[in-house]
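Here is the structure we will look at.
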Amino acid sequence: MNSEKAPNKLPILYTFNRCPYAMRARWAIILANLTVIWREVNLRKKPKELLATSSKATVPLLITQEGVILEESMDIIKWALEKFDKDLILDSGTTTSKLDIDLLINENDNIFKYHLDKYKYSSRLDVDNFNYHKNIARNILVKWNRMILNSIKKNNTYWLVGGKQTIADLALWPFVRQYRGVDSTSFDNDDELQELNLWLKFYTDNTLFKTLMHKTKEWEVNSLPIYFPPIISK
């Protein structure tokens with residue numbers, strides 16, 4: 001891994017408000033009761049400091065107090081929760097549960113996200129391709145909905161794996177939120193997505209959601225430090 005000095009003895013987080021990868025990383029930082037230096041990035045005009053720090057130059061990117069650079073959102077989630085995990089989200093339970101969690105995150109990041117982007121930016125597609133990508137993405141969501149239904153029947157809980165909140169829930173919900181955002185009426189009225197909708201509302205109706213999505217100005221090299229999570233009025 002590369003390294004860079006983190007000023008003020010706090011980690012530095014490069015992020016973008018609406019990016020689902022950045023959202024799930026910020027959510028973990030909130031849950032872990034951590035404070036980081038907040039650098040909001042304009043993705044069309046990435047700061048040279050970010051470009052110099054990482055060849056990927058993607059967000060989220062976190063520089064720890066020790067100068068270690070974490071370029072993947074899942075690494076940031078684990079880094080944060082390893083420091084403080086009051087809900088035991090990292091405790092995946094059985095080996096089977098851990099495998100299910102890994103499969104879900106891989107399916108989201110490598111399959112669902114691909115079709116979600118095609119569906120979300122549908123103005124670039126013809127009708128057939130639009131429906132193709134929408135249907136594949138929806139079929140994945142229907143499968144996730146069935147997993148929650150099984151959790152309700154077995155454990156009376158609305159979670160994806162093992163009857164408890166895991167990093168799978170933490171990692172997937174910002175992407176499901178994006179899918180819903182394309183056509184919220186269709187999503188909310190879909191009989192095969194009702195449990196997933198309630199699961200999603202656990203996050204979007206959460207009092208912490210306002211903190212997560214709080215906006216700040218674009219970071220510049222001479223900006224005064226801004227901290228995340230922000231202190232915001234209720």
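Ordering of the structure tokens sets the chain letters (A, B, ...), residue numbers begin anew at 1 in every chain, and ligands are numbered from 1 in the order given.
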With a distance cut-off of 12 Å and only C-alpha atoms, select the neighbouring residues of segment 68-72 of chain A, excluding the residue or stretch itself and same-chain residues fewer than 6 positions from it, and output the selection as a count of residues only. 32
Using only C-alpha atoms, which protein or nucleic acid residues come within 8 Å of segment 206-216 of chain A? Drop anything in the same chain fewer than 4 positions from it, and give the result as a VMD selection string. chain A and resid 17 to 18 23 26 to 27 30 40 201 to 202 229 to 230 232
Output as number ranges by chain all residues of segment 22-211 of chain A that backbone DSSP marks as helix (DSSP H, G or I). A: 22-31, 48-53, 73-83, 95-120, 122-124, 127-155, 167-182, 184-188, 191-204, 208-211
Could you take the residues named above and write them with C-alpha atoms, as a CSV table (one decimal), in the first residue's frame?
```csv
chain,number,residue,atom,x,y,z
A,22,ALA,CA,-18.7,6.4,-0.4
A,23,MET,CA,-22.0,6.3,1.3
A,24,ARG,CA,-21.4,2.9,2.8
A,25,ALA,CA,-18.0,3.8,3.9
A,26,ARG,CA,-19.3,7.0,5.6
A,27,TRP,CA,-22.1,5.0,7.3
A,28,ALA,CA,-19.5,2.7,8.9
A,29,ILE,CA,-17.5,5.7,10.1
A,30,ILE,CA,-20.7,7.1,11.7
A,31,LEU,CA,-21.5,3.7,13.4
A,48,LYS,CA,-4.2,16.8,-7.7
A,49,GLU,CA,-3.7,15.6,-4.1
A,50,LEU,CA,-6.0,12.7,-4.7
A,51,LEU,CA,-4.4,11.9,-8.1
A,52,ALA,CA,-1.0,11.9,-6.4
A,53,THR,CA,-2.2,9.7,-3.6
A,73,SER,CA,-14.9,1.0,0.4
A,74,MET,CA,-15.1,-2.5,2.0
A,75,ASP,CA,-11.6,-2.0,3.4
A,76,ILE,CA,-12.7,1.3,4.9
A,77,ILE,CA,-15.8,-0.3,6.4
A,78,LYS,CA,-13.8,-3.1,8.0
A,79,TRP,CA,-11.2,-0.6,9.2
A,80,ALA,CA,-13.9,1.5,10.9
A,81,LEU,CA,-15.8,-1.3,12.5
A,82,GLU,CA,-12.7,-3.1,13.7
A,83,LYS,CA,-12.2,0.0,15.9
A,95,THR,CA,-18.9,-20.2,8.0
A,96,THR,CA,-22.0,-20.5,5.8
A,97,SER,CA,-23.1,-17.0,6.8
A,98,LYS,CA,-19.7,-15.6,5.9
A,99,LEU,CA,-19.8,-17.2,2.5
A,100,ASP,CA,-23.3,-15.9,1.9
A,101,ILE,CA,-22.2,-12.4,2.9
A,102,ASP,CA,-19.2,-12.5,0.5
A,103,LEU,CA,-21.4,-13.8,-2.3
A,104,LEU,CA,-23.9,-11.0,-1.8
A,105,ILE,CA,-21.3,-8.3,-1.8
A,106,ASN,CA,-19.7,-9.7,-4.9
A,107,GLU,CA,-23.1,-10.0,-6.6
A,108,ASN,CA,-23.9,-6.3,-5.8
A,109,ASP,CA,-20.5,-4.9,-6.7
A,110,ASN,CA,-19.9,-6.8,-9.9
A,111,ILE,CA,-23.3,-7.7,-11.3
A,112,PHE,CA,-26.1,-5.6,-9.8
A,113,LYS,CA,-24.1,-2.4,-10.0
A,114,TYR,CA,-23.4,-2.9,-13.7
A,115,HIS,CA,-27.1,-3.4,-14.6
A,116,LEU,CA,-28.2,-0.6,-12.2
A,117,ASP,CA,-26.0,1.9,-14.0
A,118,LYS,CA,-27.4,0.8,-17.4
A,119,TYR,CA,-30.9,1.2,-16.0
A,120,LYS,CA,-30.2,4.4,-14.2
A,122,SER,CA,-31.3,4.7,-19.6
A,123,SER,CA,-31.5,7.8,-21.8
A,124,ARG,CA,-28.5,6.4,-23.6
A,127,VAL,CA,-36.2,0.5,-25.0
A,128,ASP,CA,-35.2,-3.2,-25.3
A,129,ASN,CA,-31.8,-2.6,-23.6
A,130,PHE,CA,-33.5,-0.5,-20.9
A,131,ASN,CA,-35.9,-3.3,-20.0
A,132,TYR,CA,-33.2,-5.9,-20.2
A,133,HIS,CA,-31.0,-4.2,-17.6
A,134,LYS,CA,-33.9,-3.1,-15.5
A,135,ASN,CA,-35.3,-6.7,-15.4
A,136,ILE,CA,-31.9,-8.3,-14.5
A,137,ALA,CA,-31.4,-5.7,-11.7
A,138,ARG,CA,-35.0,-6.3,-10.4
A,139,ASN,CA,-34.5,-10.1,-10.5
A,140,ILE,CA,-31.5,-9.7,-8.2
A,141,LEU,CA,-33.6,-7.5,-5.8
A,142,VAL,CA,-36.4,-10.1,-5.8
A,143,LYS,CA,-33.9,-12.7,-4.7
A,144,TRP,CA,-32.6,-10.5,-1.9
A,145,ASN,CA,-36.2,-9.9,-0.9
A,146,ARG,CA,-36.7,-13.6,-0.6
A,147,MET,CA,-33.6,-13.8,1.7
A,148,ILE,CA,-35.3,-11.2,4.0
A,149,LEU,CA,-38.5,-13.2,3.9
A,150,ASN,CA,-36.6,-16.2,5.1
A,151,SER,CA,-35.1,-14.2,7.8
A,152,ILE,CA,-38.6,-13.0,8.9
A,153,LYS,CA,-39.8,-16.6,9.0
A,154,LYS,CA,-36.8,-18.0,10.8
A,155,ASN,CA,-35.7,-15.2,13.1
A,167,ILE,CA,-21.7,-6.0,6.4
A,168,ALA,CA,-23.8,-7.3,3.6
A,169,ASP,CA,-26.7,-5.1,4.7
A,170,LEU,CA,-24.3,-2.2,5.2
A,171,ALA,CA,-22.7,-2.7,1.8
A,172,LEU,CA,-25.9,-3.2,-0.3
A,173,TRP,CA,-28.5,-0.7,0.8
A,174,PRO,CA,-27.0,2.5,-0.9
A,175,PHE,CA,-27.2,0.6,-4.2
A,176,VAL,CA,-30.8,-0.5,-3.6
A,177,ARG,CA,-31.6,3.1,-2.8
A,178,GLN,CA,-30.2,4.2,-6.2
A,179,TYR,CA,-32.4,1.6,-7.9
A,180,ARG,CA,-35.4,2.9,-6.1
A,181,GLY,CA,-34.5,6.5,-7.0
A,182,VAL,CA,-34.9,5.8,-10.7
A,184,SER,CA,-39.7,5.1,-6.7
A,185,THR,CA,-43.4,4.6,-7.4
A,186,SER,CA,-42.7,1.3,-9.3
A,187,PHE,CA,-40.4,0.1,-6.5
A,188,ASP,CA,-42.7,1.0,-3.7
A,191,ASP,CA,-45.3,-6.8,-4.4
A,192,GLU,CA,-42.1,-8.8,-4.7
A,193,LEU,CA,-40.0,-6.1,-3.1
A,194,GLN,CA,-42.1,-5.1,-0.1
A,195,GLU,CA,-39.8,-6.6,2.5
A,196,LEU,CA,-36.7,-5.2,0.8
A,197,ASN,CA,-38.4,-1.8,0.9
A,198,LEU,CA,-38.9,-2.0,4.6
A,199,TRP,CA,-35.3,-3.1,5.0
A,200,LEU,CA,-34.2,-0.1,3.0
A,201,LYS,CA,-36.3,2.2,5.1
A,202,PHE,CA,-34.3,1.1,8.2
A,203,TYR,CA,-31.4,3.1,6.7
A,204,THR,CA,-33.1,5.9,4.8
A,208,LEU,CA,-28.3,9.0,11.0
A,209,PHE,CA,-29.3,9.4,7.4
A,210,LYS,CA,-29.4,13.2,7.6
A,211,THR,CA,-25.8,13.1,9.0
```
Option closest in space to Asp91 of chain A, from A:Lys217, A:Asp190, A:Pro225, A:Gln165 [counting only C-alpha atoms]: A:Gln165
